[in-house]
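Trainee: Following this line is start.pdb, made up of PDB, C-alpha atoms and all ligand atoms:
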```pdb
ATOM      1  CA  MET V   1       6.515  -8.185 -18.227
ATOM      2  CA  ALA V   2       4.370  -8.078 -15.127
ATOM      3  CA  LEU V   3       5.251  -5.416 -12.575
ATOM      4  CA  ILE V   4       4.829  -7.862  -9.713
ATOM      5  CA  GLU V   5       4.940 -11.644  -9.819
ATOM      6  CA  VAL V   6       4.152 -13.751  -6.808
ATOM      7  CA  HIS V   7       4.946 -17.421  -7.325
ATOM      8  CA  ALA V   8       3.725 -20.124  -4.936
ATOM      9  CA  ALA V   9       4.356 -17.828  -1.996
ATOM     10  CA  THR V  10       3.853 -19.197   1.468
ATOM     11  CA  LYS V  11       4.383 -17.418   4.755
ATOM     12  CA  ASP V  12       4.597 -19.188   8.076
ATOM     13  CA  TYR V  13       4.813 -17.354  11.380
ATOM     14  CA  TRP V  14       6.200 -19.074  14.414
ATOM     15  CA  ASP V  15       4.607 -17.656  17.550
ATOM     16  CA  GLY V  16       6.819 -19.616  19.957
ATOM     17  CA  LYS V  17       4.447 -22.559  20.334
ATOM     18  CA  THR V  18       2.763 -23.159  16.998
ATOM     19  CA  VAL V  19       3.213 -22.388  13.331
ATOM     20  CA  VAL V  20       0.661 -20.097  11.710
ATOM     21  CA  HIS V  21       0.286 -20.693   7.978
ATOM     22  CA  ALA V  22      -0.582 -17.101   7.038
ATOM     23  CA  LEU V  23      -0.233 -17.614   3.271
ATOM     24  CA  GLN V  24      -0.480 -21.017   1.651
ATOM     25  CA  GLY V  25       0.739 -20.890  -1.930
ATOM     26  CA  ILE V  26      -0.186 -17.564  -3.518
ATOM     27  CA  ASP V  27       0.178 -16.942  -7.266
ATOM     28  CA  LEU V  28      -0.472 -13.435  -8.504
ATOM     29  CA  ALA V  29       0.740 -11.317 -11.407
ATOM     30  CA  VAL V  30       0.119  -7.582 -11.404
ATOM     31  CA  GLU V  31       0.402  -5.473 -14.557
ATOM     32  CA  PRO V  32       1.331  -1.778 -14.485
ATOM     33  CA  GLY V  33      -1.695   0.476 -14.052
ATOM     34  CA  GLU V  34      -3.930  -2.017 -12.277
ATOM     35  CA  PHE V  35      -6.244  -0.989  -9.413
ATOM     36  CA  ILE V  36      -6.564  -4.094  -7.298
ATOM     37  CA  ALA V  37      -8.403  -4.858  -4.093
ATOM     38  CA  ILE V  38      -7.168  -7.685  -1.896
ATOM     39  CA  ALA V  39     -10.269  -8.585   0.046
ATOM     40  CA  GLY V  40     -10.956 -11.077   2.777
ATOM     41  CA  PRO V  41     -11.890 -11.352   6.425
ATOM     42  CA  SER V  42      -9.597 -10.486   9.290
ATOM     43  CA  GLY V  43      -6.793 -13.037   9.527
ATOM     44  CA  SER V  44      -7.050 -14.101   5.874
ATOM     45  CA  GLY V  45      -3.517 -12.885   5.095
ATOM     46  CA  LYS V  46      -4.054  -9.446   3.487
ATOM     47  CA  THR V  47      -1.412  -7.592   5.510
ATOM     48  CA  THR V  48       1.033 -10.470   5.150
ATOM     49  CA  LEU V  49       0.651 -10.414   1.366
ATOM     50  CA  LEU V  50       1.097  -6.632   1.124
ATOM     51  CA  ASN V  51       4.160  -6.806   3.376
ATOM     52  CA  LEU V  52       5.707  -9.446   1.118
ATOM     53  CA  VAL V  53       4.974  -7.433  -2.028
ATOM     54  CA  GLY V  54       6.455  -4.331  -0.412
ATOM     55  CA  GLY V  55       9.610  -6.122   0.662
ATOM     56  CA  LEU V  56       8.849  -5.477   4.350
ATOM     57  CA  ASP V  57       8.932  -9.186   5.075
ATOM     58  CA  ASP V  58      10.158 -12.259   3.223
ATOM     59  CA  VAL V  59       8.446 -15.395   1.978
ATOM     60  CA  THR V  60       8.898 -18.727   3.734
ATOM     61  CA  TYR V  61       8.745 -20.533   0.396
ATOM     62  CA  GLY V  62       8.116 -19.262  -3.099
ATOM     63  CA  GLN V  63       9.211 -16.204  -4.975
ATOM     64  CA  LEU V  64       8.461 -12.516  -5.156
ATOM     65  CA  ILE V  65       9.545 -10.678  -8.269
ATOM     66  CA  LEU V  66       9.269  -6.919  -8.491
ATOM     67  CA  GLY V  67      10.154  -5.190 -11.751
ATOM     68  CA  GLY V  68      11.979  -8.343 -12.861
ATOM     69  CA  GLN V  69      14.052  -8.621  -9.672
ATOM     70  CA  ASP V  70      13.735 -11.532  -7.266
ATOM     71  CA  LEU V  71      13.515  -9.845  -3.847
ATOM     72  CA  ALA V  72      15.243 -12.779  -2.132
ATOM     73  CA  THR V  73      18.397 -12.196  -4.167
ATOM     74  CA  LEU V  74      18.768  -8.504  -3.312
ATOM     75  CA  ARG V  75      21.296  -7.207  -0.807
ATOM     76  CA  PRO V  76      19.693  -5.416   2.166
ATOM     77  CA  ASN V  77      20.848  -2.068   0.827
ATOM     78  CA  THR V  78      19.384  -2.675  -2.630
ATOM     79  CA  LEU V  79      16.132  -3.800  -1.043
ATOM     80  CA  SER V  80      15.843  -0.633   1.027
ATOM     81  CA  GLN V  81      16.572   1.475  -2.049
ATOM     82  CA  LEU V  82      13.818  -0.394  -3.871
ATOM     83  CA  ARG V  83      11.414   0.275  -0.994
ATOM     84  CA  LEU V  84      12.399   3.930  -0.945
ATOM     85  CA  TYR V  85      12.063   4.574  -4.695
ATOM     86  CA  ASP V  86       9.657   2.010  -6.125
ATOM     87  CA  ILE V  87       6.997   1.480  -3.468
ATOM     88  CA  GLY V  88       4.577   3.845  -1.769
ATOM     89  CA  PHE V  89       2.975   2.668   1.469
ATOM     90  CA  ILE V  90      -0.343   3.749   2.979
ATOM     91  CA  PHE V  91      -1.342   2.230   6.310
ATOM     92  CA  GLN V  92      -4.625   1.855   8.148
ATOM     93  CA  ALA V  93      -3.429   4.098  10.977
ATOM     94  CA  TYR V  94      -2.045   6.787   8.609
ATOM     95  CA  ASN V  95       1.425   6.619  10.247
ATOM     96  CA  LEU V  96       2.201  10.302   9.828
ATOM     97  CA  ILE V  97       5.026  11.820  11.844
ATOM     98  CA  PRO V  98       3.271  13.807  14.607
ATOM     99  CA  VAL V  99       5.867  16.580  14.992
ATOM    100  CA  LEU V 100       5.897  17.383  11.276
ATOM    101  CA  ASN V 101       3.193  19.376   9.496
ATOM    102  CA  ALA V 102       1.387  18.095   6.401
ATOM    103  CA  GLU V 103       3.899  19.583   3.973
ATOM    104  CA  GLU V 104       6.878  18.210   5.925
ATOM    105  CA  ASN V 105       5.258  14.764   6.150
ATOM    106  CA  VAL V 106       4.755  14.675   2.383
ATOM    107  CA  ALA V 107       8.315  15.909   1.825
ATOM    108  CA  PHE V 108       9.869  13.384   4.204
ATOM    109  CA  THR V 109      10.469  10.505   1.765
ATOM    110  CA  MET V 110      11.978  12.994  -0.681
ATOM    111  CA  LEU V 111      14.323  14.096   2.105
ATOM    112  CA  LEU V 112      15.510  10.480   2.384
ATOM    113  CA  GLN V 113      15.936  10.489  -1.395
ATOM    114  CA  GLU V 114      18.080  13.632  -1.091
ATOM    115  CA  VAL V 115      15.824  15.680  -3.343
ATOM    116  CA  PRO V 116      16.911  19.351  -3.028
ATOM    117  CA  VAL V 117      14.931  21.340  -0.466
ATOM    118  CA  HIS V 118      13.172  23.764  -2.811
ATOM    119  CA  GLU V 119      12.052  20.925  -5.067
ATOM    120  CA  ARG V 120      10.787  18.939  -2.050
ATOM    121  CA  LYS V 121       8.742  21.918  -0.970
ATOM    122  CA  ARG V 122       7.341  22.596  -4.423
ATOM    123  CA  ARG V 123       6.360  18.967  -5.038
ATOM    124  CA  ALA V 124       4.871  18.542  -1.541
ATOM    125  CA  ILE V 125       2.691  21.649  -1.847
ATOM    126  CA  ASP V 126       1.679  20.672  -5.371
ATOM    127  CA  MET V 127       0.661  17.190  -4.268
ATOM    128  CA  LEU V 128      -1.250  18.462  -1.226
ATOM    129  CA  GLN V 129      -3.199  20.801  -3.510
ATOM    130  CA  ARG V 130      -4.036  17.872  -5.780
ATOM    131  CA  VAL V 131      -5.503  15.901  -2.893
ATOM    132  CA  GLY V 132      -7.521  18.926  -1.791
ATOM    133  CA  LEU V 133      -5.426  19.950   1.206
ATOM    134  CA  GLY V 134      -3.884  23.133  -0.175
ATOM    135  CA  ASP V 135      -5.181  25.234   2.722
ATOM    136  CA  VAL V 136      -3.966  23.032   5.599
ATOM    137  CA  ILE V 137      -0.372  22.358   4.563
ATOM    138  CA  HIS V 138       1.025  23.861   7.784
ATOM    139  CA  ARG V 139      -1.149  21.810  10.126
ATOM    140  CA  LYS V 140       0.253  18.937  12.117
ATOM    141  CA  PRO V 141      -1.559  15.565  12.012
ATOM    142  CA  ALA V 142      -3.326  16.156  15.356
ATOM    143  CA  ALA V 143      -5.044  19.206  13.853
ATOM    144  CA  LEU V 144      -6.337  17.256  10.849
ATOM    145  CA  SER V 145      -9.355  14.956  10.586
ATOM    146  CA  GLY V 146      -8.836  11.239   9.915
ATOM    147  CA  GLY V 147      -9.810  11.697   6.277
ATOM    148  CA  GLN V 148      -7.399  14.597   5.900
ATOM    149  CA  GLN V 149      -4.591  12.624   7.557
ATOM    150  CA  GLN V 150      -5.165   9.736   5.176
ATOM    151  CA  ARG V 151      -5.076  12.132   2.219
ATOM    152  CA  VAL V 152      -1.711  13.403   3.494
ATOM    153  CA  ALA V 153      -0.598   9.747   3.606
ATOM    154  CA  VAL V 154      -1.752   9.236   0.006
ATOM    155  CA  ALA V 155       0.087  12.395  -1.064
ATOM    156  CA  ARG V 156       3.214  11.188   0.749
ATOM    157  CA  ALA V 157       2.988   7.770  -0.917
ATOM    158  CA  ILE V 158       2.656   9.033  -4.478
ATOM    159  CA  VAL V 159       4.706  12.243  -4.492
ATOM    160  CA  THR V 160       7.849  10.200  -5.178
ATOM    161  CA  HIS V 161       6.285   8.500  -8.240
ATOM    162  CA  PRO V 162       6.676   4.915  -7.001
ATOM    163  CA  LYS V 163       5.939   2.035  -9.373
ATOM    164  CA  VAL V 164       3.251   0.711  -7.054
ATOM    165  CA  VAL V 165       1.268   2.033  -4.104
ATOM    166  CA  LEU V 166       0.343  -0.485  -1.408
ATOM    167  CA  ALA V 167      -2.485   0.518   0.906
ATOM    168  CA  ASP V 168      -3.380  -1.735   3.836
ATOM    169  CA  GLU V 169      -7.033  -1.143   4.749
ATOM    170  CA  PRO V 170      -6.692   2.573   4.029
ATOM    171  CA  THR V 171     -10.333   3.303   4.863
ATOM    172  CA  ALA V 172     -10.669   1.138   7.981
ATOM    173  CA  ASN V 173     -10.553   4.127  10.337
ATOM    174  CA  LEU V 174     -12.724   6.409   8.196
ATOM    175  CA  ASP V 175     -16.495   6.827   8.046
ATOM    176  CA  SER V 176     -17.999   5.443   4.847
ATOM    177  CA  GLU V 177     -18.417   8.779   3.075
ATOM    178  CA  THR V 178     -14.839   9.859   3.797
ATOM    179  CA  GLY V 179     -13.655   6.392   2.770
ATOM    180  CA  ALA V 180     -15.551   6.653  -0.521
ATOM    181  CA  ARG V 181     -13.961  10.019  -1.254
ATOM    182  CA  LEU V 182     -10.508   8.610  -0.520
ATOM    183  CA  LEU V 183     -11.103   5.738  -2.943
ATOM    184  CA  GLU V 184     -12.375   8.129  -5.606
ATOM    185  CA  MET V 185      -9.205  10.151  -5.227
ATOM    186  CA  MET V 186      -6.995   7.051  -5.469
ATOM    187  CA  LYS V 187      -8.949   5.881  -8.533
ATOM    188  CA  GLN V 188      -8.466   9.277 -10.166
ATOM    189  CA  LEU V 189      -4.696   9.144  -9.565
ATOM    190  CA  ASN V 190      -4.729   5.637 -11.005
ATOM    191  CA  GLU V 191      -6.540   6.777 -14.142
ATOM    192  CA  GLU V 192      -4.609  10.007 -14.686
ATOM    193  CA  GLU V 193      -1.143   8.587 -14.138
ATOM    194  CA  GLN V 194      -1.673   4.847 -14.703
ATOM    195  CA  LYS V 195      -0.330   4.472 -11.184
ATOM    196  CA  THR V 196      -0.637   0.891  -9.891
ATOM    197  CA  PHE V 197      -2.536   0.544  -6.616
ATOM    198  CA  ILE V 198      -3.004  -2.567  -4.508
ATOM    199  CA  PHE V 199      -5.225  -2.016  -1.498
ATOM    200  CA  SER V 200      -6.654  -4.379   1.063
ATOM    201  CA  THR V 201     -10.090  -4.136   2.550
ATOM    202  CA  TYR V 202     -13.005  -6.120   3.866
ATOM    203  CA  ASP V 203     -15.489  -3.353   3.206
ATOM    204  CA  PRO V 204     -17.837  -4.254   0.287
ATOM    205  CA  MET V 205     -18.224  -0.555  -0.559
ATOM    206  CA  VAL V 206     -14.468  -0.208  -1.011
ATOM    207  CA  MET V 207     -14.304  -3.395  -3.123
ATOM    208  CA  GLU V 208     -16.736  -1.752  -5.548
ATOM    209  CA  TYR V 209     -13.984   0.614  -6.667
ATOM    210  CA  ALA V 210     -11.589  -2.141  -7.645
ATOM    211  CA  GLN V 211     -10.897  -2.927 -11.278
ATOM    212  CA  ARG V 212      -9.741  -6.372 -10.154
ATOM    213  CA  LEU V 213     -10.814  -8.159  -7.014
ATOM    214  CA  VAL V 214      -8.630 -10.805  -5.394
ATOM    215  CA  LEU V 215     -10.383 -12.699  -2.597
ATOM    216  CA  LEU V 216      -8.331 -14.276   0.156
ATOM    217  CA  LYS V 217      -9.503 -16.893   2.592
ATOM    218  CA  ASP V 218      -7.290 -18.660   5.118
ATOM    219  CA  GLY V 219      -4.157 -17.653   3.236
ATOM    220  CA  CYS V 220      -5.369 -18.843  -0.171
ATOM    221  CA  ILE V 221      -6.709 -16.930  -3.177
ATOM    222  CA  ILE V 222     -10.246 -18.226  -3.677
ATOM    223  CA  SER V 223     -11.116 -15.938  -6.585
ATOM    224  CA  ASP V 224      -9.412 -13.385  -8.802
ATOM    225  CA  GLU V 225     -11.661 -11.446 -11.154
ATOM    226  CA  LYS V 226     -11.463  -8.416 -13.388
ATOM    227  CA  ARG V 227     -14.526  -6.247 -13.098
ATOM    228  CA  ALA V 228     -16.346  -4.089 -15.588
ATOM    229  CA  SER V 229     -15.543  -0.430 -14.965
TER     230      SER V 229
HETATM  231  N1  LIG G   1       3.850 -11.518  13.372
HETATM  232  C1  LIG G   1       2.992 -12.544  13.435
HETATM  233  N2  LIG G   1       3.212 -13.610  14.243
HETATM  234  C2  LIG G   1       2.353 -14.652  14.295
HETATM  235  N3  LIG G   1       1.233 -14.718  13.559
HETATM  236  C3  LIG G   1       0.944 -13.702  12.735
HETATM  237  C4  LIG G   1       1.794 -12.545  12.628
HETATM  238  N4  LIG G   1       1.255 -11.683  11.721
HETATM  239  C5  LIG G   1       0.116 -12.267  11.299
HETATM  240  N5  LIG G   1      -0.070 -13.458  11.899
HETATM  241  C6  LIG G   1      -1.189 -14.406  11.645
HETATM  242  O1  LIG G   1      -1.221 -14.665  10.257
HETATM  243  C7  LIG G   1      -2.565 -14.733   9.788
HETATM  244  C8  LIG G   1      -2.766 -13.689   8.704
HETATM  245  O2  LIG G   1      -2.661 -12.398   9.298
HETATM  246  P1  LIG G   1      -2.779 -11.036   8.495
HETATM  247  O3  LIG G   1      -1.933 -11.098   7.280
HETATM  248  O4  LIG G   1      -2.516  -9.944   9.444
HETATM  249  O5  LIG G   1      -4.327 -11.046   8.032
HETATM  250  P2  LIG G   1      -5.295  -9.836   7.687
HETATM  251  O6  LIG G   1      -4.454  -8.653   7.347
HETATM  252  O7  LIG G   1      -6.109 -10.351   6.534
HETATM  253  O8  LIG G   1      -6.142  -9.604   8.881
HETATM  254  C9  LIG G   1      -3.445 -14.538  11.012
HETATM  255  O9  LIG G   1      -3.773 -15.804  11.508
HETATM  256  C10 LIG G   1      -2.543 -13.815  11.971
HETATM  257  O10 LIG G   1      -2.901 -14.076  13.297
HETATM  258 MG    MG G   2      -4.426  -6.732   8.100
END
```
Spell out the structure here as structure tokens.
Mentor:
Amino acid sequence: MALIEVHAATKDYWDGKTVVHALQGIDLAVEPGEFIAIAGPSGSGKTTLLNLVGGLDDVTYGQLILGGQDLATLRPNTLSQLRLYDIGFIFQAYNLIPVLNAEENVAFTMLLQEVPVHERKRRAIDMLQRVGLGDVIHRKPAALSGGQQQRVAVARAIVTHPKVVLADEPTANLDSETGARLLEMMKQLNEEEQKTFIFSTYDPMVMEYAQRLVLLKDGCIISDEKRAS
């Protein structure tokens, strides 16, 4: 069974005057362990698609099935549990909590999951060491570089062992070398733990890392190819 199935998904936004057809009939099946780039120019629908897959927004028409469950049929509470336990999010602007240090940011989702405090601490420190931030765990986001902040965000997204990690243009605010290192780290986590990653980008360098490349244009998939690794 596919981990994620998107069937004929469309998304319309109503901006008060006109309808924007952000996605126009998307079909996509994602198997566990894939490392997928959703690529396409600005406005092509990348963020909209990731938001639908992550249950942050709902389809206008069509179906989104995650782990065999149709998201449209879930009660709000079940959907938020699914977001909390099954999905890790990484955003372009890192979205760390400014008043919390790196360790506390990584531990935060586990706090919501009511993981006991000593286990939260142990897993957060462990994860920060794995992403190469073992010596800055007590720093707040403002005292970290962009690349370091995004590594904290990656650690936060995967420390809870979600079924899939969704990353919306994770390297957009990073210089190309820092972006490359971030992708290498994500790829390594993908290979070591068969963790499924779906990331969006319009940077050709970042697309190079993908094991499967899905190209979006004007809300449609115009190509979907597996690549030699
Ligand atoms: N909340 C919204 N209200 C109205 N239009 C939106 C909204 N979000 C996105 N759009 C429009 O939907 C289209 C796809 O946007 P988006 O998914 O953000 O693309 P991308 O992430 O590839 O840049 C664009 O035309 C965008 O302007
Ligand atoms: Mg976007």
Trainee: Please provide the set of residues having any atom within 8 Å of Ser223 in chain V, restricted to all atoms listed in the file, with same-chain residues fewer than 3 positions apart removed, written as number ranges by chain.
Mentor: V: 213-216
Trainee: With the file shown as input, list the residues that the PyMOL selection byres (((chain V and resi 140) around 7) and not hetatm) selects, as an NGL selection string.
Mentor: :V and (98-102 or 138-139 or 141-144)
Trainee: Using only C-alpha atoms and all ligand atoms, find each residue with an atom at most 8 Å away from ligand MG 2 (chain G) and format the answer as a ChimeraX atom specification.
Mentor: /V:42-43,45-48,168-169,200
Trainee: Can you list every residue of range 45-112 of chain V that has an atom at most 12 Å from range 26-35 of chain V, with its nearest atom pair and the distance in Å to one decimal, using only C-alpha atoms, ordered by chain then number, as a tab-separated table?
Mentor:
```
residue	atom	partner	partner_atom	distance
V:Gly45	CA	V:Ile26	CA	10.4
V:Lys46	CA	V:Ile26	CA	11.4
V:Thr48	CA	V:Ile26	CA	11.3
V:Leu49	CA	V:Ile26	CA	8.7
V:Leu50	CA	V:Leu28	CA	11.9
V:Leu52	CA	V:Ile26	CA	11.1
V:Val53	CA	V:Leu28	CA	10.4
V:Val59	CA	V:Ile26	CA	10.5
V:Thr60	CA	V:Ile26	CA	11.7
V:Tyr61	CA	V:Ile26	CA	10.2
V:Gly62	CA	V:Ile26	CA	8.5
V:Gln63	CA	V:Asp27	CA	9.3
V:Leu64	CA	V:Leu28	CA	9.6
V:Ile65	CA	V:Ala29	CA	9.4
V:Leu66	CA	V:Val30	CA	9.6
V:Gly67	CA	V:Pro32	CA	9.8
V:Gly68	CA	V:Ala29	CA	11.7
```
Trainee: Please return as a ChimeraX atom specification the residues found within 12 Å of ligand LIG 1 (chain G), counting only C-alpha atoms and all ligand atoms.
Mentor: /V:10-24,38-52,56-58,91-92,167-170,172,199-202,215-221
Trainee: How would the residues just picked look written out with C-alpha atoms as a short mmCIF file (atom, residue, chain, number, x, y, z; two decimals), in the frame of the given file?
Mentor:
```cif
data_model
loop_
_atom_site.label_atom_id
_atom_site.label_comp_id
_atom_site.auth_asym_id
_atom_site.auth_seq_id
_atom_site.Cartn_x
_atom_site.Cartn_y
_atom_site.Cartn_z
CA THR V 10 3.85 -19.20 1.47
CA LYS V 11 4.38 -17.42 4.76
CA ASP V 12 4.60 -19.19 8.08
CA TYR V 13 4.81 -17.35 11.38
CA TRP V 14 6.20 -19.07 14.41
CA ASP V 15 4.61 -17.66 17.55
CA GLY V 16 6.82 -19.62 19.96
CA LYS V 17 4.45 -22.56 20.33
CA THR V 18 2.76 -23.16 17.00
CA VAL V 19 3.21 -22.39 13.33
CA VAL V 20 0.66 -20.10 11.71
CA HIS V 21 0.29 -20.69 7.98
CA ALA V 22 -0.58 -17.10 7.04
CA LEU V 23 -0.23 -17.61 3.27
CA GLN V 24 -0.48 -21.02 1.65
CA ILE V 38 -7.17 -7.68 -1.90
CA ALA V 39 -10.27 -8.59 0.05
CA GLY V 40 -10.96 -11.08 2.78
CA PRO V 41 -11.89 -11.35 6.42
CA SER V 42 -9.60 -10.49 9.29
CA GLY V 43 -6.79 -13.04 9.53
CA SER V 44 -7.05 -14.10 5.87
CA GLY V 45 -3.52 -12.88 5.10
CA LYS V 46 -4.05 -9.45 3.49
CA THR V 47 -1.41 -7.59 5.51
CA THR V 48 1.03 -10.47 5.15
CA LEU V 49 0.65 -10.41 1.37
CA LEU V 50 1.10 -6.63 1.12
CA ASN V 51 4.16 -6.81 3.38
CA LEU V 52 5.71 -9.45 1.12
CA LEU V 56 8.85 -5.48 4.35
CA ASP V 57 8.93 -9.19 5.08
CA ASP V 58 10.16 -12.26 3.22
CA PHE V 91 -1.34 2.23 6.31
CA GLN V 92 -4.62 1.86 8.15
CA ALA V 167 -2.48 0.52 0.91
CA ASP V 168 -3.38 -1.74 3.84
CA GLU V 169 -7.03 -1.14 4.75
CA PRO V 170 -6.69 2.57 4.03
CA ALA V 172 -10.67 1.14 7.98
CA PHE V 199 -5.22 -2.02 -1.50
CA SER V 200 -6.65 -4.38 1.06
CA THR V 201 -10.09 -4.14 2.55
CA TYR V 202 -13.00 -6.12 3.87
CA LEU V 215 -10.38 -12.70 -2.60
CA LEU V 216 -8.33 -14.28 0.16
CA LYS V 217 -9.50 -16.89 2.59
CA ASP V 218 -7.29 -18.66 5.12
CA GLY V 219 -4.16 -17.65 3.24
CA CYS V 220 -5.37 -18.84 -0.17
CA ILE V 221 -6.71 -16.93 -3.18
#
```
Trainee: Can you list, as a ChimeraX atom specification, the residues that the PyMOL selection byres (((chain V and resi 184) around 12) and not hetatm) selects here?
Mentor: /V:35,131,151,171,177-183,185-191,205-210
Trainee: Atoms to include: C-alpha atoms. Write the selected residues as a PDB file, in the coordinates of the input.
Mentor:
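Okay, this is what ended up in out.pdb:
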```pdb
ATOM      1  CA  PHE V  35      -6.244  -0.989  -9.413  1.00  0.00           C
ATOM      2  CA  VAL V 131      -5.503  15.901  -2.893  1.00  0.00           C
ATOM      3  CA  ARG V 151      -5.076  12.132   2.219  1.00  0.00           C
ATOM      4  CA  THR V 171     -10.333   3.303   4.863  1.00  0.00           C
ATOM      5  CA  GLU V 177     -18.417   8.779   3.075  1.00  0.00           C
ATOM      6  CA  THR V 178     -14.839   9.859   3.797  1.00  0.00           C
ATOM      7  CA  GLY V 179     -13.655   6.392   2.770  1.00  0.00           C
ATOM      8  CA  ALA V 180     -15.551   6.653  -0.521  1.00  0.00           C
ATOM      9  CA  ARG V 181     -13.961  10.019  -1.254  1.00  0.00           C
ATOM     10  CA  LEU V 182     -10.508   8.610  -0.520  1.00  0.00           C
ATOM     11  CA  LEU V 183     -11.103   5.738  -2.943  1.00  0.00           C
ATOM     12  CA  MET V 185      -9.205  10.151  -5.227  1.00  0.00           C
ATOM     13  CA  MET V 186      -6.995   7.051  -5.469  1.00  0.00           C
ATOM     14  CA  LYS V 187      -8.949   5.881  -8.533  1.00  0.00           C
ATOM     15  CA  GLN V 188      -8.466   9.277 -10.166  1.00  0.00           C
ATOM     16  CA  LEU V 189      -4.696   9.144  -9.565  1.00  0.00           C
ATOM     17  CA  ASN V 190      -4.729   5.637 -11.005  1.00  0.00           C
ATOM     18  CA  GLU V 191      -6.540   6.777 -14.142  1.00  0.00           C
ATOM     19  CA  MET V 205     -18.224  -0.555  -0.559  1.00  0.00           C
ATOM     20  CA  VAL V 206     -14.468  -0.208  -1.011  1.00  0.00           C
ATOM     21  CA  MET V 207     -14.304  -3.395  -3.123  1.00  0.00           C
ATOM     22  CA  GLU V 208     -16.736  -1.752  -5.548  1.00  0.00           C
ATOM     23  CA  TYR V 209     -13.984   0.614  -6.667  1.00  0.00           C
ATOM     24  CA  ALA V 210     -11.589  -2.141  -7.645  1.00  0.00           C
TER      25      ALA V 210
END
```
Trainee: Check what the PyMOL selection byres (((chain V and resi 132) around 12) and not hetatm) selects in the file above and give those residues as a short mmCIF file (atom, residue, chain, number, x, y, z; two decimals) with C-alpha atoms, in the frame of the given file.
Mentor:
```cif
data_model
loop_
_atom_site.label_atom_id
_atom_site.label_comp_id
_atom_site.auth_asym_id
_atom_site.auth_seq_id
_atom_site.Cartn_x
_atom_site.Cartn_y
_atom_site.Cartn_z
CA ILE V 125 2.69 21.65 -1.85
CA ASP V 126 1.68 20.67 -5.37
CA MET V 127 0.66 17.19 -4.27
CA LEU V 128 -1.25 18.46 -1.23
CA GLN V 129 -3.20 20.80 -3.51
CA ARG V 130 -4.04 17.87 -5.78
CA VAL V 131 -5.50 15.90 -2.89
CA LEU V 133 -5.43 19.95 1.21
CA GLY V 134 -3.88 23.13 -0.18
CA ASP V 135 -5.18 25.23 2.72
CA VAL V 136 -3.97 23.03 5.60
CA ILE V 137 -0.37 22.36 4.56
CA GLY V 147 -9.81 11.70 6.28
CA GLN V 148 -7.40 14.60 5.90
CA GLN V 149 -4.59 12.62 7.56
CA GLN V 150 -5.16 9.74 5.18
CA ARG V 151 -5.08 12.13 2.22
CA VAL V 152 -1.71 13.40 3.49
CA VAL V 154 -1.75 9.24 0.01
CA ALA V 155 0.09 12.40 -1.06
CA ARG V 181 -13.96 10.02 -1.25
CA LEU V 182 -10.51 8.61 -0.52
CA MET V 185 -9.20 10.15 -5.23
#
```
Trainee: Can range 117-128 of chain V be brought up to N, CA and C atoms and written out as a compact mmCIF listing (two decimals), keeping the file's coordinate frame?
Mentor:
```txt
# COMPACT_ATOMS: atom_id res chain seq x y z
N VAL V 117 15.97 20.81 -1.35
CA VAL V 117 14.93 21.34 -0.47
C VAL V 117 13.84 22.12 -1.20
N HIS V 118 14.20 22.96 -2.14
CA HIS V 118 13.17 23.76 -2.81
C HIS V 118 12.27 22.89 -3.67
N GLU V 119 12.86 21.85 -4.26
CA GLU V 119 12.05 20.92 -5.07
C GLU V 119 11.12 20.09 -4.18
N ARG V 120 11.64 19.67 -3.00
CA ARG V 120 10.79 18.94 -2.05
C ARG V 120 9.56 19.76 -1.70
N LYS V 121 9.81 21.02 -1.40
CA LYS V 121 8.74 21.92 -0.97
C LYS V 121 7.72 22.10 -2.10
N ARG V 122 8.23 22.36 -3.29
CA ARG V 122 7.34 22.60 -4.42
C ARG V 122 6.48 21.36 -4.69
N ARG V 123 7.11 20.19 -4.73
CA ARG V 123 6.36 18.97 -5.04
C ARG V 123 5.37 18.61 -3.93
N ALA V 124 5.77 18.85 -2.66
CA ALA V 124 4.87 18.54 -1.54
C ALA V 124 3.63 19.43 -1.59
N ILE V 125 3.83 20.72 -1.82
CA ILE V 125 2.69 21.65 -1.85
C ILE V 125 1.78 21.32 -3.03
N ASP V 126 2.41 21.05 -4.17
CA ASP V 126 1.68 20.67 -5.37
C ASP V 126 0.79 19.45 -5.14
N MET V 127 1.37 18.44 -4.51
CA MET V 127 0.66 17.19 -4.27
C MET V 127 -0.47 17.40 -3.27
N LEU V 128 -0.20 18.20 -2.22
CA LEU V 128 -1.25 18.46 -1.23
C LEU V 128 -2.41 19.23 -1.87
```
